[in-house]
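Student: Below you'll find the structure I mean.
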Amino acid sequence: MTVAPARSLGPTESAALAELLLTLADDEFILGFWDSEWTGIAPILEEDVAMSSISQDEIGHARAWYELLAQLTADDADRIAFGRAPDEYRHAALLNHARGDWAHTVARRLLYETADAVRLESLTGSSYAPVAELAAKMRREETYHLLHWNAWLRQLTAAGGEARDRLVAALALRWSDAQSIFAPLAGEGILRAGGILPEAMAALQKRWHERLGQWLSAAGLSLPGPATDPPQPSTAGRTGRTPDFAWLHSEFTLVARSEEGATW
Amino acid sequence: MSDSPSPVDPRAEAFYAHVGSGGKVEADHWMPDDYRAAILKFVEMHANSELMGVLPEREWILRAPTLQRKLSLTSKVQDEAGHAQLLYRVAEDLGKSREQMLQDLLAGKTKFHNVFHYPTRSWGDVGIIAWLVDAAAIVSQQALRDCSYAPYARTMKKICWEESVHIMHGRDVVLTLMNGTERQRALVQDALDRWWGPLMQMHGPPTDPARDRDLIWRIKSKGNEQLRQEFLSIYVPRITELGLRIPDPGLRYDEAAERWIYTEPDWDELRWVVSGHGPMSQQRLEFRRLHRAETQWVRDAVLGPVGAAA
Amino acid sequence: MADHGLPLDRVWEVFRQEAQGDPMVHGGSVRAPDAELATHYAREFFGRRQESERLWVIPRDAILELDDPDLLKPPFDRSFKRPGGYVLKHKLEAARGRAGTPPARGSDEGVE
């Protein structure tokens, strides 16, 4: 995978970019892991295959971000992905939770995919060419994800009854943690100044509320929680951890750490 | 086929002559009940096996040690779920509903292949299963591309093409381990030691071609023993060339007889395992029952009443 | 929620194009609750490996089938509709013999 030549960055800009890339990669990586659990046990066989493809897409996107980060920090993508302690991961709090039932999975996807779409759209305007290019490439794959989760939003809400109730409850449950996708970054000021991050996280969060609100209202639902202006800061952010994540971390590092320095 | 005299049905006679001479049958053709029942049973067991076959490897999806392995393994297991869909579709068009087939599987009324009743213990198993179990399956599936029942034959062509990728993935995992550390090589040998027995049983005991209806009606085109011999001819050299030891001291190629000699597999074990008494049989069926129950509300919501499903 | 009053769960046939310019060929079928998911599932089963240029997704009950041998393989001679129905070799040899000429290049192609 060739990436556009990048302008050279000073150390503070580089460190800020590394933090951004880690958040992008970890979000996709952890979500891809949770949802890959549906492989073989999804509600409908045909959907099993679709869900697995979407999870594989996330892992592929994570890999691309990890590889870019590895180039930037002279590291190795697999080492970054598999070699950190739980509190070194920077995924959004929304992704701290196990996949749950199908309604929880659909709800989390609705929240995440719409947010990620806003984020990627903005990043296509990044002054750092590799980021802009990767974001544009990912958007092409994400189109399918958006169509797919919108289809499930319609299916579950139109079915009414238990299906709709479960979805509404799951959206409400995860609304607060979903805000953490736009948790302010440590080096956000530096990234904004250099144009690597074209817009502030708070601005993206606001746009996300509008877009998600449109989707949900088309399906007869309202936003799961308050959309204040400016949006409420996320408390859990990207550093809070849960027992669910601790379990996931122990699973995905099981084989990787069983033999130090081995090739798998 | 039947020992007792029965009135000769000219339509059935013509049908059996047609399939016996290589003729093909489509889903909406008239079929004798015997043939329909035989092909349905065959396809249903195959579909069940793909569905249950997801479970041994599924555990390792979360544990895959690199990004590339995660993608390959998830993709492989996804393919198995996809194959289950393809095969259940064929069976549905023969007249049995998917819901009924899943119910029968989970109630223990229908079977799935022996290899999916055993546990996986390490990343070594992941390599050995994807390489050798899929290879043994492909040997059968290639022969089934000539099945008299055309929808199944066509599905076999698609499945064979897709399975060839799995064998590459499996072999890649095995080779990487064999080129790695002592412990990694030991993982592979240990997995081979445990999987060799089930692999040798996988194609089933030799059958009498004169009495095997699946052969006579050209549902199958090759006998079980022939398939096993093919598997051994291709894969024994590929296993031993890596420095692995096959755990059957009686295994050797007889040049004069032009066949592999091996320790007779335990056919009682095969029967026992396939009838639901394997080390993981009940646990895996229970796992499926649990997840099926947990997601029933989704099917009820989006597919309508269960009875209406095709 | 049903489309046009039809059952919620239908069978959809999928046709695929292997390479640009190729004909659409039947690939198989999927079940789906609606047309949108049917296209997603068609993409999964016949396109997730980037193996297809294009897909057609059609409800099975929209397909009209013809398999009556009286229509497709009727008994009377129709060889005049196919190249093999014209046997010219002996006539061509006779004409060349009468004219005393060698065979023109390519002239024997397709001649039986």
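Going through the structure tokens in order, the chains are called A, B, and so on, while each chain numbers its residues from 1 and the ligands are numbered from 1 in the order shown.
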Taking only C-alpha atoms into account, what are the residues of chain C at most 12 Å from chain B, put as a ChimeraX atom specification?

Tutor: /C:1-2,6-13,26-34,37,41-42,44-46,48-49,51,60,65-68

Student: Among range 235-265 of chain B, which ones does DSSP place in strand (DSSP E or B), written as a ChimeraX atom specification?

Tutor: /B:252-254,259-261

Student: Could you please take those selected residues and save C-alpha atoms as a PDB file, in the first residue's frame?

Tutor:
ATOM      1  CA  ARG B 252       3.311 -46.883   4.248  1.00  0.00           C
ATOM      2  CA  TYR B 253       2.855 -46.940   0.502  1.00  0.00           C
ATOM      3  CA  ASP B 254       2.662 -50.411  -1.053  1.00  0.00           C
ATOM      4  CA  ARG B 259      -2.089 -48.158  -2.450  1.00  0.00           C
ATOM      5  CA  TRP B 260      -1.456 -46.780   1.010  1.00  0.00           C
ATOM      6  CA  ILE B 261      -1.477 -49.265   3.868  1.00  0.00           C
TER       7      ILE B 261
END

Student: Specify as a PyMOL selection string all residues of chain B found within 7 Å of chain A, counting only C-alpha atoms.

Tutor: chain B and resi 54+62-67+71+78+81-82+85+176-177+180+291+295+298-299+301-302

Student: Quick one: distance from CA of Asp193 in chain B to CA of Glu225 in chain B in Å, one decimal?

Tutor: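 Interatomic distance, CA of Asp193 in chain B to CA of Glu225 in chain B: 21.8 Å.
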
Student: Which residue gives the smallest distance to Leu132 in chain B among B:Leu94, B:Val77, B:Val43, B:Leu232, with only C-alpha atoms counted?

Tutor: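 Checking each candidate against Leu132 in chain B, we get B:Leu232 as the closest.
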